[in-house]
Amino acid sequence: MMSANHASIVKTPKGANYLEQALLALEDGTVFEGIGFGARQQRFGEVVFNTAITGYQEVFTDPSYTGQIVCLTNPQIGNYGANLGDCESARPYIEGLIVREFSPIASNWRSEESAGQFLARHGIPVIAEVDTRRLVRKLRMGGVLRGVIGFGSDGAALVKAALQSPSMIGLDLATRVTTAERYEWGESAAKCSPSEQIGDAAEPQYRVVAYDFGIKRNILRRLVHAGCKVTVVPAATAAEDVLALRPDGVFLSNGPGDPEPLEYQATQVRKLIGKTPIFGICLGHQILGLAMGGKTFKLKFGHRGANHPVLNRRTNKVEITSQNHGFAVDPDSLRDSVVELTHINLNDNTVEGLRHREHPAFCVQYHPEAAPGPHDSHYLFGDFIQLMRDHQRS
């Protein structure tokens with residue numbers, strides 16, 4: 001590992017059109033040169049990469065990226081601009097963006113502003129003209145690293161700042177991004193293009209209370225589309241207060257940070273098991289795993305992209321899934337007599353889905369709402385509806 005005083009500079013390719021020099025400094029002493037877009041601000045975070053080809057605005061606005069600087073591996077980003085309809089939350093949550101080429105031109109019939117204007121308006125810095133292949137190889141080989149995006153020429157100072165930034169391990173970010181107050185959500189999923197086929201929305205029949213650990217809007221839309229009346233509650237809501245709303249089911253959302261500091265949230269979920277059907281996604285999956293007696297661990301570089309193959313062990317079918325997580329549930333920490341392992345990641349055999357054997361509770365690590373991503377896993381919202389229907393009958 002190189003010291004901050006001997007930072008290695010990875011030069012921008014010759015002939016690049018410099019607008020303003022920007023630097024990406026990593027905690028191991030590596031400094032990448034590039035050009036700056038977006039906001040002229042210094043931001044630090046865990047540097048991660050996402051392999052999705054499209055859907056960059058959904059990535060920007062996913063609260064699960066809180067505390068992270070995101071490198072997008074698709075070589076050109078920004079060419080279709082930004083619009084309000086593709087936001088997964090009220091604002092971007094990434095700490096910064098790293099790309100190979102950042103398009104100053106936005107060409108799309110849905111575009112309302114350029115991606116650069118969108119990020120600048122929200123104070124997010126962008127560093128472009130970076131050798132993203134070299135950066136991703138480094139993160140894949142050695143694991144994710146803390147980093148800083150800054151302007152100027154003092155790479156050693158930025159490396160020092162990266163070393164002083166907080167580690168993601170042990171970091172509770174869900175309570176930072178959750179809603180402050182309970183609210184109702186009624187918007188359903190809609191077509192974003194004339195050719196998209198999503199079917200008609202079901203009549204609302206089931207009242208669902210959704211825990212907000214950093215919830216994405218398309219999850220809420222999919223719940224409504226499936227036939228749910230959704231009430232969103234803060235992450236620290238007590239189980240007794242949830243049950244007082246007389247829900248037909250409880251949803252546990254995605255979110256950022258390390259799941260293990262969320263002991264209070266896991267305790268509340270443990271109280272709900274057996275009393276109401278439960279469905280969890282991403283961080284919600286991890287919290288349900290903790291509530292069922294399991295443990296979690298940090299992955300070397302996480303899963304972030306829209307093409308991760310997952311085996312459904314109940315159907316023996318493979319789903320191509322959208323994923324964004326840096327932690328996973330440890331299968332050895334769960335008792336087989338209580339928990340069924342339903343889904344497995346075919347790239348590294350990590351846990352992608354769980355189901356309680358005795359009570360109506362299940363969860364998946366990936367994102368079936370798929371924004372961005374494939375639609376192979378939309379059926380899980382129907383499974384949740386069926387679980388609530390069966391629970392009512394029983």
# chains A, B, ... in the order shown; residues from 1 in each chain; ligands from 1

call {"tool": "residues_around", "arguments": {"residues": "Val159 in chain A", "least_positions_apart": "5", "cutoff": "7 Å", "atoms": "only C-alpha atoms", "output": "number ranges by chain"}}
result
A: 4, 25-27, 29

call {"tool": "write_last_selection", "arguments": {"atoms": "C-alpha atoms", "output": "PDB file, in the first residue's frame"}}
result
ATOM      1  CA  ALA A   4      -0.169   9.411   1.090  1.00  0.00           C
ATOM      2  CA  ALA A  25      -7.819   9.692  -4.498  1.00  0.00           C
ATOM      3  CA  LEU A  26      -8.027   6.215  -2.952  1.00  0.00           C
ATOM      4  CA  GLU A  27      -6.967   5.159   0.515  1.00  0.00           C
ATOM      5  CA  GLY A  29      -2.420   5.961  -2.292  1.00  0.00           C
TER       6      GLY A  29
END

call {"tool": "residues_around", "arguments": {"residues": "Thr321 in chain A", "least_positions_apart": "5", "cutoff": "12 Å", "atoms": "only C-alpha atoms", "output": "PyMOL selection string"}}
result
chain A and resi 52+303-312+343-347+352+364-378

call {"tool": "residues_around", "arguments": {"residues": "His359 in chain A", "least_positions_apart": "4", "cutoff": "8 Å", "atoms": "only C-alpha atoms", "output": "list in words"}}
result
Ile273, Gly274 and Pro277 of chain A

call {"tool": "write_last_selection", "arguments": {"atoms": "C-alpha atoms", "output": "mmCIF file, in the first residue's frame"}}
result
data_model
loop_
_atom_site.group_PDB
_atom_site.id
_atom_site.type_symbol
_atom_site.label_atom_id
_atom_site.label_comp_id
_atom_site.auth_asym_id
_atom_site.auth_seq_id
_atom_site.Cartn_x
_atom_site.Cartn_y
_atom_site.Cartn_z
ATOM 1 C CA ILE A 273 -42.886 -12.696 12.560
ATOM 2 C CA GLY A 274 -45.923 -14.935 12.881
ATOM 3 C CA PRO A 277 -46.979 -11.710 6.402
#

call {"tool": "closest_residue", "arguments": {"among": "A:Val126, A:Val148, A:Ile105, A:Cys363", "to": "Phe251 in chain A", "atoms": "only C-alpha atoms"}}
result
A:Cys363

call {"tool": "residues_around", "arguments": {"residues": "range 230-243 of chain A", "least_positions_apart": "4", "cutoff": "8 Å", "atoms": "only C-alpha atoms", "output": "list of chain:residue names"}}
result
A:Ala174, A:Thr175, A:Thr178, A:Thr179, A:Ala180, A:Glu181, A:Arg182, A:Tyr183, A:Glu184, A:Trp185, A:Gly186, A:Arg207, A:Val208, A:Val209, A:Ala210, A:Tyr211, A:Asp212, A:Phe213, A:Leu220, A:Leu223, A:Val224, A:Pro247, A:Tyr264, A:Gln265, A:Gln268, A:Val269, A:Lys271, A:Leu272

call {"tool": "select_by_dssp", "arguments": {"residues": "range 121-287 of chain A", "states": "alpha helix (DSSP H)", "output": "ChimeraX atom specification"}}
result
/A:121,132-142,155-164,174-177,217-226,239-244,263-272,283-287

call {"tool": "atom_distance", "arguments": {"atom1": "CA of Thr66 in chain A", "atom2": "CA of Tyr379 in chain A"}}
result
28.2 Å

call {"tool": "atom_distance", "arguments": {"atom1": "CA of Gly116 in chain A", "atom2": "CA of Gly81 in chain A"}}
result
8.2 Å

call {"tool": "residues_around", "arguments": {"residues": "range 332-342 of chain A", "least_positions_apart": "2", "cutoff": "7 Å", "atoms": "only C-alpha atoms", "output": "list in words"}}
result
Gly293, Gly294, Lys295, Asn312, Arg313, Arg314, Asp330, Gly353, Leu354, Arg355, His356, Arg357 and Glu358 of chain A

call {"tool": "residues_around", "arguments": {"residues": "Ala266 in chain A", "least_positions_apart": "4", "cutoff": "8 Å", "atoms": "only C-alpha atoms", "output": "count of residues only"}}
result
6

call {"tool": "decode", "arguments": {"residues": "range 103-158 of chain A", "atoms": "C-alpha atoms", "output": "PDB file, in the first residue's frame"}}
result
ATOM      1  CA  SER A 103     -21.866  13.393 -22.278  1.00  0.00           C
ATOM      2  CA  PRO A 104     -22.607  17.136 -22.249  1.00  0.00           C
ATOM      3  CA  ILE A 105     -25.393  16.473 -24.768  1.00  0.00           C
ATOM      4  CA  ALA A 106     -28.777  15.109 -23.674  1.00  0.00           C
ATOM      5  CA  SER A 107     -30.788  13.566 -26.494  1.00  0.00           C
ATOM      6  CA  ASN A 108     -34.051  11.875 -25.494  1.00  0.00           C
ATOM      7  CA  TRP A 109     -37.724  12.757 -25.788  1.00  0.00           C
ATOM      8  CA  ARG A 110     -38.143  12.380 -21.996  1.00  0.00           C
ATOM      9  CA  SER A 111     -35.114  14.507 -21.059  1.00  0.00           C
ATOM     10  CA  GLU A 112     -35.734  17.639 -18.991  1.00  0.00           C
ATOM     11  CA  GLU A 113     -32.109  18.613 -18.292  1.00  0.00           C
ATOM     12  CA  SER A 114     -28.619  17.211 -18.761  1.00  0.00           C
ATOM     13  CA  ALA A 115     -27.249  14.703 -16.272  1.00  0.00           C
ATOM     14  CA  GLY A 116     -24.514  17.203 -15.405  1.00  0.00           C
ATOM     15  CA  GLN A 117     -27.037  19.933 -14.616  1.00  0.00           C
ATOM     16  CA  PHE A 118     -29.069  17.499 -12.511  1.00  0.00           C
ATOM     17  CA  LEU A 119     -26.059  16.480 -10.401  1.00  0.00           C
ATOM     18  CA  ALA A 120     -24.682  20.027 -10.136  1.00  0.00           C
ATOM     19  CA  ARG A 121     -28.043  21.270  -8.892  1.00  0.00           C
ATOM     20  CA  HIS A 122     -27.853  18.744  -6.054  1.00  0.00           C
ATOM     21  CA  GLY A 123     -24.195  19.306  -5.162  1.00  0.00           C
ATOM     22  CA  ILE A 124     -22.782  16.038  -6.550  1.00  0.00           C
ATOM     23  CA  PRO A 125     -19.283  16.094  -8.137  1.00  0.00           C
ATOM     24  CA  VAL A 126     -18.409  14.079 -11.234  1.00  0.00           C
ATOM     25  CA  ILE A 127     -14.957  13.019 -12.410  1.00  0.00           C
ATOM     26  CA  ALA A 128     -14.766  11.945 -16.063  1.00  0.00           C
ATOM     27  CA  GLU A 129     -12.017  10.777 -18.443  1.00  0.00           C
ATOM     28  CA  VAL A 130     -10.971   8.177 -15.864  1.00  0.00           C
ATOM     29  CA  ASP A 131      -9.641   4.745 -16.858  1.00  0.00           C
ATOM     30  CA  THR A 132     -12.652   3.008 -15.313  1.00  0.00           C
ATOM     31  CA  ARG A 133     -11.488  -0.451 -16.428  1.00  0.00           C
ATOM     32  CA  ARG A 134      -8.292  -0.059 -14.424  1.00  0.00           C
ATOM     33  CA  LEU A 135     -10.217   1.244 -11.426  1.00  0.00           C
ATOM     34  CA  VAL A 136     -12.715  -1.645 -11.525  1.00  0.00           C
ATOM     35  CA  ARG A 137      -9.940  -4.221 -11.816  1.00  0.00           C
ATOM     36  CA  LYS A 138      -8.340  -2.711  -8.721  1.00  0.00           C
ATOM     37  CA  LEU A 139     -11.616  -2.910  -6.770  1.00  0.00           C
ATOM     38  CA  ARG A 140     -12.348  -6.454  -7.954  1.00  0.00           C
ATOM     39  CA  MET A 141      -8.876  -7.697  -7.046  1.00  0.00           C
ATOM     40  CA  GLY A 142      -8.376  -5.887  -3.755  1.00  0.00           C
ATOM     41  CA  GLY A 143     -11.915  -5.036  -2.654  1.00  0.00           C
ATOM     42  CA  VAL A 144     -13.708  -1.711  -2.391  1.00  0.00           C
ATOM     43  CA  LEU A 145     -11.736   1.255  -1.064  1.00  0.00           C
ATOM     44  CA  ARG A 146     -12.518   4.556   0.576  1.00  0.00           C
ATOM     45  CA  GLY A 147     -11.942   7.506  -1.727  1.00  0.00           C
ATOM     46  CA  VAL A 148     -12.307  11.241  -2.251  1.00  0.00           C
ATOM     47  CA  ILE A 149     -13.237  13.270  -5.332  1.00  0.00           C
ATOM     48  CA  GLY A 150     -11.617  16.713  -5.211  1.00  0.00           C
ATOM     49  CA  PHE A 151     -10.374  19.561  -7.366  1.00  0.00           C
ATOM     50  CA  GLY A 152      -6.866  20.993  -7.628  1.00  0.00           C
ATOM     51  CA  SER A 153      -3.562  19.154  -7.743  1.00  0.00           C
ATOM     52  CA  ASP A 154      -2.828  18.021  -4.165  1.00  0.00           C
ATOM     53  CA  GLY A 155      -3.369  14.282  -4.499  1.00  0.00           C
ATOM     54  CA  ALA A 156      -1.491  13.491  -1.273  1.00  0.00           C
ATOM     55  CA  ALA A 157      -3.913  15.637   0.757  1.00  0.00           C
ATOM     56  CA  LEU A 158      -6.866  13.865  -0.801  1.00  0.00           C
TER      57      LEU A 158
END
